[in-house]
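*Asks:* Structure file query19.cif (mmCIF, C-alpha atoms and all ligand atoms) is given on the next line.
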```cif
data_run
loop_
_atom_site.label_atom_id
_atom_site.label_comp_id
_atom_site.auth_asym_id
_atom_site.auth_seq_id
_atom_site.Cartn_x
_atom_site.Cartn_y
_atom_site.Cartn_z
CA MET B 356 -166.85 12.44 -9.46
CA GLN B 357 -166.95 15.02 -6.63
CA PRO B 358 -163.49 16.18 -5.50
CA PRO B 359 -162.70 14.99 -1.94
CA MET B 360 -163.69 17.51 0.72
CA THR B 361 -161.01 19.50 2.51
CA GLU B 362 -161.64 19.49 6.29
CA LEU B 363 -161.48 22.88 8.00
CA LEU B 364 -160.07 22.24 11.49
CA ALA B 365 -160.24 24.62 14.45
CA ALA B 366 -156.92 25.29 16.22
CA ASP B 367 -158.01 23.59 19.45
CA GLN B 368 -156.86 20.31 21.03
CA ASP B 369 -159.12 18.21 18.80
CA GLY B 370 -158.24 20.06 15.60
CA ILE B 371 -154.50 19.79 16.28
CA ALA B 372 -154.84 16.07 17.13
CA ARG B 373 -156.75 15.45 13.89
CA ALA B 374 -154.22 17.40 11.80
CA ALA B 375 -151.35 15.44 13.39
CA GLU B 376 -153.10 12.14 12.77
CA LEU B 377 -153.63 13.02 9.09
CA LEU B 378 -149.99 14.09 8.68
CA ARG B 379 -148.71 10.91 10.30
CA ALA B 380 -150.89 8.91 7.90
CA GLY B 381 -149.23 10.62 4.90
CA ALA B 382 -152.01 13.11 4.07
CA LEU B 383 -151.50 16.79 3.15
CA VAL B 384 -152.52 19.36 5.77
CA SER B 385 -152.15 23.13 5.54
CA PHE B 386 -151.29 24.93 8.77
CA GLY B 387 -150.52 28.51 9.71
CA THR B 388 -147.10 29.71 10.80
CA GLU B 389 -146.02 33.21 11.85
CA THR B 390 -144.96 33.88 8.22
CA VAL B 391 -147.49 32.31 5.80
CA TYR B 392 -149.63 29.16 5.63
CA GLY B 393 -147.66 26.04 4.72
CA LEU B 394 -148.77 23.04 2.68
CA GLY B 395 -147.53 20.35 5.03
CA GLY B 396 -146.68 16.70 4.56
CA ASP B 397 -144.50 14.08 6.29
CA ALA B 398 -141.00 14.93 5.02
CA THR B 399 -139.85 11.34 5.50
CA ASN B 400 -142.53 9.98 3.14
CA ALA B 401 -141.41 10.40 -0.50
CA GLN B 402 -144.86 9.62 -1.89
CA THR B 403 -146.39 12.32 0.32
CA VAL B 404 -143.74 14.83 -0.74
CA ALA B 405 -144.47 14.04 -4.39
CA GLY B 406 -148.10 14.80 -3.54
CA ILE B 407 -147.06 18.27 -2.29
CA PHE B 408 -145.48 19.09 -5.65
CA ALA B 409 -148.55 17.72 -7.45
CA ALA B 410 -150.96 19.80 -5.32
CA LYS B 411 -148.93 22.96 -5.99
CA ASN B 412 -148.69 22.21 -9.69
CA ARG B 413 -145.00 23.03 -9.66
CA PRO B 414 -143.20 22.67 -13.00
CA GLY B 415 -139.93 21.80 -11.26
CA PHE B 416 -138.64 20.37 -7.99
CA ASN B 417 -137.83 23.28 -5.71
CA PRO B 418 -136.27 22.03 -2.47
CA LEU B 419 -138.72 22.26 0.44
CA ILE B 420 -138.21 23.51 4.00
CA CYS B 421 -138.46 20.97 6.85
CA HIS B 422 -140.30 22.24 9.92
CA TYR B 423 -139.53 21.09 13.47
CA ALA B 424 -140.80 21.67 17.01
CA SER B 425 -137.29 22.39 18.35
CA ALA B 426 -133.74 23.22 17.30
CA GLU B 427 -132.66 19.92 18.81
CA ALA B 428 -135.01 18.02 16.48
CA ALA B 429 -133.92 20.11 13.46
CA PHE B 430 -130.23 19.61 14.16
CA ALA B 431 -130.70 15.83 14.23
CA ASP B 432 -131.09 15.96 10.41
CA VAL B 433 -128.30 18.40 9.49
CA LEU B 434 -124.70 19.19 10.40
CA ALA B 435 -124.99 22.32 12.55
CA ASP B 436 -121.76 24.22 13.21
CA CYS B 437 -121.30 26.93 15.85
CA ARG B 438 -122.67 29.64 13.49
CA ALA B 439 -125.87 27.61 13.15
CA HIS B 440 -126.16 27.20 16.92
CA THR B 441 -125.60 30.93 17.44
CA VAL B 442 -128.33 32.06 15.02
CA ALA B 443 -130.69 29.33 16.21
CA GLU B 444 -130.31 30.57 19.78
CA GLN B 445 -131.04 34.15 18.66
CA PHE B 446 -133.85 33.65 16.14
CA TRP B 447 -135.54 30.29 16.79
CA PRO B 448 -138.36 29.77 17.14
CA GLY B 449 -139.02 32.37 14.42
CA PRO B 450 -139.05 33.31 10.72
CA LEU B 451 -135.56 32.05 9.83
CA THR B 452 -134.67 29.03 7.69
CA LEU B 453 -131.16 27.57 7.75
CA VAL B 454 -129.64 25.62 4.86
CA LEU B 455 -127.10 23.14 6.22
CA PRO B 456 -125.38 19.93 5.06
CA ARG B 457 -127.79 17.04 5.32
CA LEU B 458 -126.67 14.20 7.61
CA PRO B 459 -126.47 10.74 5.99
CA SER B 460 -128.51 9.39 8.91
CA SER B 461 -131.43 11.73 8.10
CA GLN B 462 -134.73 9.97 7.33
CA VAL B 463 -135.97 12.95 5.28
CA ALA B 464 -136.87 11.80 1.74
CA LEU B 465 -134.39 12.82 -0.98
CA LEU B 466 -137.23 14.44 -2.92
CA THR B 467 -137.86 16.88 -0.04
CA GLY B 468 -134.45 18.47 -0.67
CA ALA B 469 -134.77 18.03 -4.47
CA GLY B 470 -131.81 15.67 -4.35
CA LEU B 471 -129.44 18.28 -2.87
CA ASP B 472 -126.76 17.44 -0.31
CA SER B 473 -128.12 20.24 1.88
CA LEU B 474 -131.40 20.59 3.74
CA ALA B 475 -133.40 23.67 4.75
CA VAL B 476 -134.65 23.51 8.35
CA ARG B 477 -136.82 25.87 10.36
CA VAL B 478 -138.48 26.06 13.80
CA PRO B 479 -141.62 28.23 13.51
CA SER B 480 -142.77 30.30 16.48
CA HIS B 481 -146.53 30.14 15.91
CA PRO B 482 -147.97 28.31 18.95
CA VAL B 483 -150.40 26.22 16.88
CA ALA B 484 -147.67 25.20 14.43
CA HIS B 485 -145.45 24.36 17.39
CA ALA B 486 -148.13 22.21 19.05
CA LEU B 487 -148.80 20.44 15.75
CA LEU B 488 -145.14 19.71 15.06
CA ARG B 489 -144.65 18.34 18.57
CA ARG B 490 -147.60 16.06 18.13
CA VAL B 491 -146.47 14.81 14.69
CA GLY B 492 -142.98 14.05 16.02
CA ARG B 493 -141.49 14.01 12.52
CA PRO B 494 -140.10 16.68 10.18
CA VAL B 495 -142.91 18.30 8.19
CA ALA B 496 -142.10 19.57 4.69
CA ALA B 497 -144.09 22.70 3.93
CA PRO B 498 -143.83 25.10 1.03
CA SER B 499 -146.19 28.06 1.05
CA ALA B 500 -149.75 26.79 0.53
CA ASN B 501 -150.38 28.45 -2.83
CA ARG B 502 -150.49 27.00 -6.28
CA SER B 503 -147.37 27.65 -8.33
CA GLY B 504 -147.09 31.25 -9.53
CA ARG B 505 -149.63 32.67 -7.05
CA VAL B 506 -149.13 34.67 -3.88
CA SER B 507 -148.58 33.01 -0.52
CA PRO B 508 -151.72 32.65 1.64
CA THR B 509 -151.93 34.27 5.07
CA THR B 510 -155.40 33.07 6.14
CA ALA B 511 -157.21 29.72 6.13
CA ALA B 512 -159.72 31.18 3.66
CA HIS B 513 -156.89 31.95 1.19
CA VAL B 514 -155.73 28.34 1.47
CA ILE B 515 -159.22 26.99 0.84
CA ALA B 516 -159.50 29.22 -2.22
CA GLU B 517 -156.19 27.86 -3.55
CA LEU B 518 -156.29 24.21 -2.63
CA GLU B 519 -159.86 23.08 -1.82
CA GLY B 520 -160.23 19.42 -2.79
CA ARG B 521 -156.45 18.99 -3.30
CA ILE B 522 -155.51 18.56 0.36
CA ALA B 523 -157.02 16.65 3.31
CA ALA B 524 -157.38 19.55 5.76
CA VAL B 525 -156.59 23.11 6.75
CA LEU B 526 -155.81 23.88 10.38
CA ASP B 527 -157.21 27.37 10.91
CA SER B 528 -154.49 29.07 12.94
CA GLY B 529 -155.75 32.61 12.34
CA PRO B 530 -154.11 35.28 10.17
CA CYS B 531 -150.31 35.17 9.90
CA ARG B 532 -148.44 37.80 11.93
CA VAL B 533 -145.41 38.36 9.68
CA GLY B 534 -147.14 37.82 6.34
CA ILE B 535 -143.96 37.25 4.31
CA GLU B 536 -141.92 34.09 4.11
CA SER B 537 -139.00 33.22 6.35
CA THR B 538 -135.50 34.49 5.66
CA VAL B 539 -133.41 31.73 4.06
CA LEU B 540 -129.79 31.73 5.21
CA ASP B 541 -127.31 29.31 3.68
CA LEU B 542 -124.71 28.15 6.19
CA SER B 543 -123.58 25.11 4.20
CA GLY B 544 -120.50 26.92 2.84
CA ALA B 545 -117.70 29.07 4.22
CA ALA B 546 -119.51 32.42 3.81
CA PRO B 547 -122.99 32.88 5.31
CA THR B 548 -125.24 33.64 2.32
CA LEU B 549 -128.71 35.18 2.24
CA LEU B 550 -130.78 33.20 -0.30
CA ARG B 551 -134.11 34.89 0.40
CA PRO B 552 -134.88 38.01 2.41
CA GLY B 553 -137.74 37.52 4.84
CA GLY B 554 -139.01 37.84 8.39
CA VAL B 555 -135.53 38.22 9.98
CA THR B 556 -133.60 41.16 8.52
CA LEU B 557 -130.08 41.16 7.10
CA GLU B 558 -129.10 43.69 9.78
CA ASP B 559 -130.32 41.35 12.53
CA LEU B 560 -128.28 38.50 11.06
CA GLU B 561 -125.14 40.57 10.57
CA ALA B 562 -125.32 41.74 14.18
CA VAL B 563 -124.67 38.16 15.33
CA LEU B 564 -122.77 36.66 12.37
CA GLY B 565 -120.73 39.51 10.91
CA PRO B 566 -120.89 40.13 7.13
CA VAL B 567 -123.48 38.08 5.21
CA ARG B 568 -123.19 37.62 1.45
CA ILE B 569 -126.31 38.22 -0.63
CA ALA B 570 -127.00 35.56 -3.28
CA THR B 571 -127.41 37.02 -6.74
CA ALA B 572 -129.82 34.31 -7.88
CA ASP B 573 -133.44 34.97 -6.99
CA ALA B 574 -134.00 32.06 -4.65
CA SER B 575 -137.40 33.43 -3.70
CA ALA B 576 -139.09 32.61 -6.98
CA ASP B 577 -141.22 29.49 -7.15
CA HIS B 578 -138.97 28.08 -9.87
CA ALA B 579 -135.72 28.66 -7.99
CA PRO B 580 -133.01 27.53 -7.82
CA ARG B 581 -132.81 28.23 -11.52
CA SER B 582 -129.74 30.33 -12.25
CA PRO B 583 -126.57 28.48 -13.28
CA GLY B 584 -124.89 29.47 -10.01
CA MET B 585 -127.51 27.76 -7.92
CA LEU B 586 -127.82 24.84 -10.29
CA THR B 587 -124.25 23.75 -9.59
CA SER B 588 -125.29 22.94 -6.04
CA HIS B 589 -127.80 20.44 -7.39
CA TYR B 590 -126.86 16.80 -7.19
CA ALA B 591 -125.42 15.93 -10.59
CA PRO B 592 -124.82 12.28 -11.46
CA THR B 593 -121.23 11.30 -12.31
CA HIS B 594 -122.41 8.98 -15.09
CA ALA B 595 -123.72 10.57 -18.28
CA VAL B 596 -127.50 10.82 -18.58
CA ARG B 597 -129.29 9.92 -21.84
CA LEU B 598 -132.97 10.83 -22.21
CA ASP B 599 -135.83 9.24 -24.18
CA ALA B 600 -134.05 5.90 -24.50
CA ASP B 601 -135.78 3.34 -26.72
CA ARG B 602 -133.01 0.76 -26.30
CA VAL B 603 -130.26 0.19 -23.76
CA SER B 604 -126.77 -1.35 -23.88
CA ALA B 605 -125.13 -3.61 -21.29
CA THR B 606 -122.94 -0.79 -19.91
CA GLU B 607 -125.91 1.49 -19.34
CA GLY B 608 -128.15 1.57 -16.30
CA LEU B 609 -131.84 1.95 -17.02
CA LEU B 610 -134.17 4.34 -15.26
CA ALA B 611 -137.38 2.59 -16.21
CA PHE B 612 -140.89 3.98 -16.43
CA GLY B 613 -143.33 1.20 -17.18
CA PRO B 614 -142.21 -2.19 -18.57
CA PRO B 615 -138.37 -2.00 -18.73
CA LEU B 616 -136.48 -2.15 -22.04
CA PRO B 617 -134.44 -5.35 -22.41
CA GLY B 618 -130.63 -5.28 -22.59
CA THR B 619 -129.25 -4.50 -19.14
CA THR B 620 -129.40 -5.99 -15.67
CA SER B 621 -129.02 -2.59 -13.98
CA VAL B 622 -132.60 -1.37 -13.80
CA PHE B 623 -134.20 1.04 -11.35
CA GLN B 624 -137.96 1.09 -11.77
CA LEU B 625 -139.48 4.55 -11.23
CA SER B 626 -143.05 3.29 -11.61
CA ALA B 627 -144.07 -0.05 -13.10
CA ALA B 628 -147.61 1.27 -13.51
CA GLY B 629 -146.42 4.44 -15.31
CA ASP B 630 -147.61 6.75 -12.52
CA THR B 631 -145.79 10.12 -12.51
CA THR B 632 -146.41 10.80 -8.78
CA GLU B 633 -144.84 7.47 -7.82
CA ALA B 634 -141.99 8.16 -10.27
CA ALA B 635 -141.36 11.59 -8.71
CA ALA B 636 -141.13 10.00 -5.27
CA ARG B 637 -138.42 7.61 -6.53
CA LEU B 638 -136.49 9.88 -8.94
CA PHE B 639 -133.56 11.04 -6.79
CA GLU B 640 -133.19 7.64 -5.17
CA GLY B 641 -133.02 6.12 -8.67
CA LEU B 642 -130.41 8.58 -9.93
CA ARG B 643 -128.22 7.98 -6.88
CA HIS B 644 -128.66 4.22 -7.05
CA LEU B 645 -127.59 3.89 -10.70
CA ASP B 646 -124.83 6.48 -10.27
CA GLY B 647 -123.43 4.27 -7.49
CA ILE B 648 -122.86 1.30 -9.82
CA PRO B 649 -119.24 1.85 -10.96
CA ASP B 650 -119.32 -0.45 -14.03
CA LEU B 651 -121.88 1.71 -15.79
CA THR B 652 -121.02 4.59 -18.13
CA THR B 653 -124.46 6.08 -18.63
CA ILE B 654 -127.92 6.33 -17.11
CA ALA B 655 -130.48 5.76 -19.88
CA VAL B 656 -133.92 7.16 -19.11
CA MET B 657 -137.13 5.87 -20.68
CA PRO B 658 -139.54 8.54 -21.97
CA ILE B 659 -141.78 10.09 -19.32
CA PRO B 660 -144.96 11.92 -20.38
CA ASP B 661 -144.68 15.69 -20.00
CA ALA B 662 -147.90 16.04 -17.97
CA GLY B 663 -148.64 16.45 -14.26
CA LEU B 664 -145.51 15.72 -12.23
CA GLY B 665 -143.95 14.42 -15.45
CA ARG B 666 -143.08 18.04 -16.28
CA ALA B 667 -141.13 18.43 -13.03
CA ILE B 668 -139.40 15.08 -13.55
CA ASN B 669 -138.40 15.96 -17.11
CA ASP B 670 -137.20 19.41 -16.02
CA ARG B 671 -134.89 17.78 -13.48
CA LEU B 672 -133.71 15.08 -15.91
CA ARG B 673 -132.92 17.64 -18.63
CA ARG B 674 -130.69 19.47 -16.13
CA ALA B 675 -128.99 16.18 -15.25
CA ALA B 676 -128.42 15.42 -18.95
CA ALA B 677 -127.19 18.93 -19.86
CA PRO B 678 -123.53 19.14 -20.96
CA ARG B 679 -121.17 20.04 -18.11
O1 LIG B 701 -142.00 31.12 5.72
C1 LIG B 701 -141.69 30.11 5.09
O2 LIG B 701 -140.53 29.75 4.92
C2 LIG B 701 -142.87 29.28 4.51
C3 LIG B 701 -143.62 28.69 5.70
C4 LIG B 701 -144.71 27.73 5.26
O3 LIG B 701 -142.73 28.05 6.59
N1 LIG B 701 -142.38 28.27 3.60
C5 LIG B 701 -141.87 28.59 2.36
O4 LIG B 701 -141.49 27.50 1.60
O5 LIG B 701 -141.78 29.72 1.97
P1 LIG B 701 -141.20 27.59 0.01
O6 LIG B 701 -141.06 26.15 -0.45
O7 LIG B 701 -142.26 28.37 -0.66
O8 LIG B 701 -139.80 28.26 -0.10
C6 LIG B 701 -138.62 27.53 0.20
C7 LIG B 701 -137.40 28.32 -0.19
C8 LIG B 701 -137.19 28.33 -1.68
O9 LIG B 701 -136.77 29.58 -2.11
C9 LIG B 701 -136.12 27.27 -1.87
O10 LIG B 701 -135.38 27.44 -3.05
C10 LIG B 701 -135.28 27.46 -0.60
O11 LIG B 701 -136.24 27.74 0.39
N2 LIG B 701 -134.57 26.22 -0.23
C11 LIG B 701 -135.10 25.13 0.36
N3 LIG B 701 -134.17 24.18 0.53
C12 LIG B 701 -133.02 24.67 0.04
C13 LIG B 701 -131.69 24.17 -0.09
N4 LIG B 701 -131.35 22.94 0.32
N5 LIG B 701 -130.78 24.96 -0.66
C14 LIG B 701 -131.09 26.20 -1.09
N6 LIG B 701 -132.33 26.74 -1.00
C15 LIG B 701 -133.28 25.99 -0.45
MG MG B 702 -143.49 29.92 -1.95
#
```
Would you put the structure from the file into structure tokens?
*Replies:*
Amino acid sequence: MQPPMTELLAADQDGIARAAELLRAGALVSFGTETVYGLGGDATNAQTVAGIFAAKNRPGFNPLICHYASAEAAFADVLADCRAHTVAEQFWPGPLTLVLPRLPSSQVALLTGAGLDSLAVRVPSHPVAHALLRRVGRPVAAPSANRSGRVSPTTAAHVIAELEGRIAAVLDSGPCRVGIESTVLDLSGAAPTLLRPGGVTLEDLEAVLGPVRIATADASADHAPRSPGMLTSHYAPTHAVRLDADRVSATEGLLAFGPPLPGTTSVFQLSAAGDTTEAAARLFEGLRHLDGIPDLTTIAVMPIPDAGLGRAINDRLRRAAAPR
């Protein structure tokens, strides 16, 4: 079978309208920003977000950045304090990403933030990206549009070379001006912390915020956050997690993959059909759901094949099951 064609769209009215229509329908569309090209998808659609990880071939779930047309739209999904408003006024739109506590009212899929309680938000300055985001009217999750372990693309041709046949379209917004990714600044804790250096310099940030801590973990790598320090910020279930379950007791909740094992009434089905993309879309919801049932002691997880998105799911589940 021929792989589906990737549409190359011009950055005019029609191209932007087509890209927005595809994004609203749950398809994957790459678009240029001032930093690098992003691999965009509707951040509120868990299935679409799972498709982003699948297209990138990522071995783990790295939290993704949500892109917005305005600071007002971004701050509807996160708790923005006065530090956040100050830097947003200075540097947005522009190459700065802010990590802030996620609001419970946010419609962004849990998978977008890899199950974290925080969310990374950014308002790009590229006029085509801005027009697209306005037209979509929803947060757009977009990691850099490269396959895992490769360099970030800065032209539409780079994106085609990386992802032809894996995504619906590329909106050709010209070469990227900055060429390196956005600066990631964590404002979810007491001390402002630089997670990734990028388009806005540390000096620029310190001029408005005062001293900024530099994270020791390399948050810029594709597999980040990986160091123990960053891992602790991951959502960890309160119940114990038991992997590769072939039976289940009454006090255990079952995270099922395919026909559920008998023995408990507390079952969350990741994918009845045994589809790893569907399972990825439901993983964090499932962990939170079973963790919220107080009578249970343990979350028992049925075996999930270690292929495709199954690798990312198993990576996350092994972390959840690790002794703590
Ligand atoms: O310039 C950019 O930021 C590009 C363009 C497309 O906007 N996007 C980009 O996305 O570089 P990505 O997925 O390749 O990098 C996202 C970075 C990762 O280092 C990730 O760990 C961090 O942001 N990140 C995202 N959400 C986070 C969170 N809740 N807490 C900590 N770090 C987070
Ligand atoms: Mg990247």
*Asks:* So that I can check the surroundings of Thr361 (chain B), please list as a list in words every protein, DNA and RNA residue that reaches within 12 Å of it, counting all atoms listed in the file and ignoring chain neighbours fewer than 3 positions away.
*Replies:*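 Returned residues: Gln357, Pro358, Leu364, Ala374, Leu377, Ala382, Leu383, Val384, Ser385, Ala511, Ala512, Val514, Ile515, Ala516, Glu517, Leu518, Glu519, Gly520, Arg521, Ile522, Ala523, Ala524, Val525 and Leu526 of chain B.
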*Asks:* Considering all atoms listed in the file, state which residue in the set B:Cys437, B:Ala443, B:Ala475, B:Cys421 is at the smallest distance from ligand LIG 701 (chain B).
*Replies:*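 The answer is B:Ala475, which sits nearest to ligand LIG 701 (chain B).
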*Asks:* Please identify all protein, DNA and RNA residues within 9 Å of ligand MG 702 (chain B), counting all atoms listed in the file, and report them as a PyMOL selection string.
*Replies:* chain B and resi 393+498-507+536+575-577
*Asks:* Choose the residue, out of B:Arg551, B:His481, B:Arg373, B:Arg379, that has the smallest atom-to-atom separation from ligand LIG 701 (chain B); count only C-alpha atoms and all ligand atoms.
*Replies:* B:Arg551
*Asks:* Once you count only C-alpha atoms and all ligand atoms, which residues end up within 6 Å of ligand LIG 701 (chain B), and could you hand them over as a list of chain:residue names?
*Replies:*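 So, counting only C-alpha atoms and all ligand atoms, the residues near ligand LIG 701 (chain B) are B:Thr390, B:Val391, B:Tyr392, B:Gly393, B:Asn417, B:Pro418, B:Leu419, B:Ile420, B:Val454, B:Gly468, B:Leu471, B:Ser473, B:Leu474, B:Ala475, B:Ala497, B:Pro498, B:Ser499, B:Glu536, B:Ser537, B:Ala574, B:Ser575, B:Ala579, B:Pro580.
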*Asks:* Between B:Leu560, B:Leu465, B:Ala634, B:Ile371, which is the closest to Glu444 (chain B) once you count only C-alpha atoms?
*Replies:*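 Looking only at the distances to Glu444 (chain B), the closest residue turns out to be B:Leu560.
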*Asks:* Give the answer as one residue: which of B:Arg673, B:His513, B:Arg489, B:Arg532 has the shortest atom-to-atom distance to Pro450 (chain B), using all atoms listed in the file?
*Replies:*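 Closest to Pro450 (chain B), using all atoms listed in the file: B:Arg532.
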*Asks:* Please rebuild region 539-553 of chain B with N, CA, C and O atoms and give the result as a CSV table (one decimal), in the frame of the given file.
*Replies:*
```csv
chain,number,residue,atom,x,y,z
B,539,VAL,N,-134.2,33.0,4.3
B,539,VAL,CA,-133.4,31.7,4.1
B,539,VAL,C,-131.9,32.1,4.1
B,539,VAL,O,-131.4,32.8,3.2
B,540,LEU,N,-131.2,31.5,5.0
B,540,LEU,CA,-129.8,31.7,5.2
B,540,LEU,C,-129.0,30.4,5.0
B,540,LEU,O,-129.3,29.4,5.6
B,541,ASP,N,-128.1,30.5,4.0
B,541,ASP,CA,-127.3,29.3,3.7
B,541,ASP,C,-126.0,29.3,4.5
B,541,ASP,O,-125.2,30.2,4.3
B,542,LEU,N,-125.9,28.3,5.4
B,542,LEU,CA,-124.7,28.2,6.2
B,542,LEU,C,-124.0,26.9,5.8
B,542,LEU,O,-123.2,26.3,6.6
B,543,SER,N,-124.2,26.4,4.6
B,543,SER,CA,-123.6,25.1,4.2
B,543,SER,C,-122.2,25.3,3.7
B,543,SER,O,-121.4,24.4,3.5
B,544,GLY,N,-121.8,26.6,3.4
B,544,GLY,CA,-120.5,26.9,2.8
B,544,GLY,C,-119.7,27.8,3.8
B,544,GLY,O,-120.2,28.1,4.9
B,545,ALA,N,-118.6,28.3,3.3
B,545,ALA,CA,-117.7,29.1,4.2
B,545,ALA,C,-118.3,30.4,4.6
B,545,ALA,O,-118.3,30.9,5.7
B,546,ALA,N,-118.9,31.1,3.6
B,546,ALA,CA,-119.5,32.4,3.8
B,546,ALA,C,-121.0,32.3,4.0
B,546,ALA,O,-121.7,31.8,3.2
B,547,PRO,N,-121.5,32.9,5.1
B,547,PRO,CA,-123.0,32.9,5.3
B,547,PRO,C,-123.6,33.6,4.1
B,547,PRO,O,-123.2,34.7,3.8
B,548,THR,N,-124.6,33.0,3.5
B,548,THR,CA,-125.2,33.6,2.3
B,548,THR,C,-126.8,33.7,2.5
B,548,THR,O,-127.4,32.8,2.8
B,549,LEU,N,-127.3,34.9,2.2
B,549,LEU,CA,-128.7,35.2,2.2
B,549,LEU,C,-129.3,34.7,0.9
B,549,LEU,O,-129.0,35.3,-0.1
B,550,LEU,N,-130.2,33.7,0.9
B,550,LEU,CA,-130.8,33.2,-0.3
B,550,LEU,C,-132.1,33.9,-0.5
B,550,LEU,O,-132.6,34.0,-1.7
B,551,ARG,N,-132.8,34.2,0.5
B,551,ARG,CA,-134.1,34.9,0.4
B,551,ARG,C,-134.3,35.8,1.6
B,551,ARG,O,-134.2,35.4,2.7
B,552,PRO,N,-134.6,37.1,1.3
B,552,PRO,CA,-134.9,38.0,2.4
B,552,PRO,C,-136.3,37.6,3.0
B,552,PRO,O,-137.1,37.1,2.3
B,553,GLY,N,-136.5,37.9,4.2
B,553,GLY,CA,-137.7,37.5,4.8
B,553,GLY,C,-137.9,38.1,6.2
B,553,GLY,O,-137.4,39.2,6.5
```
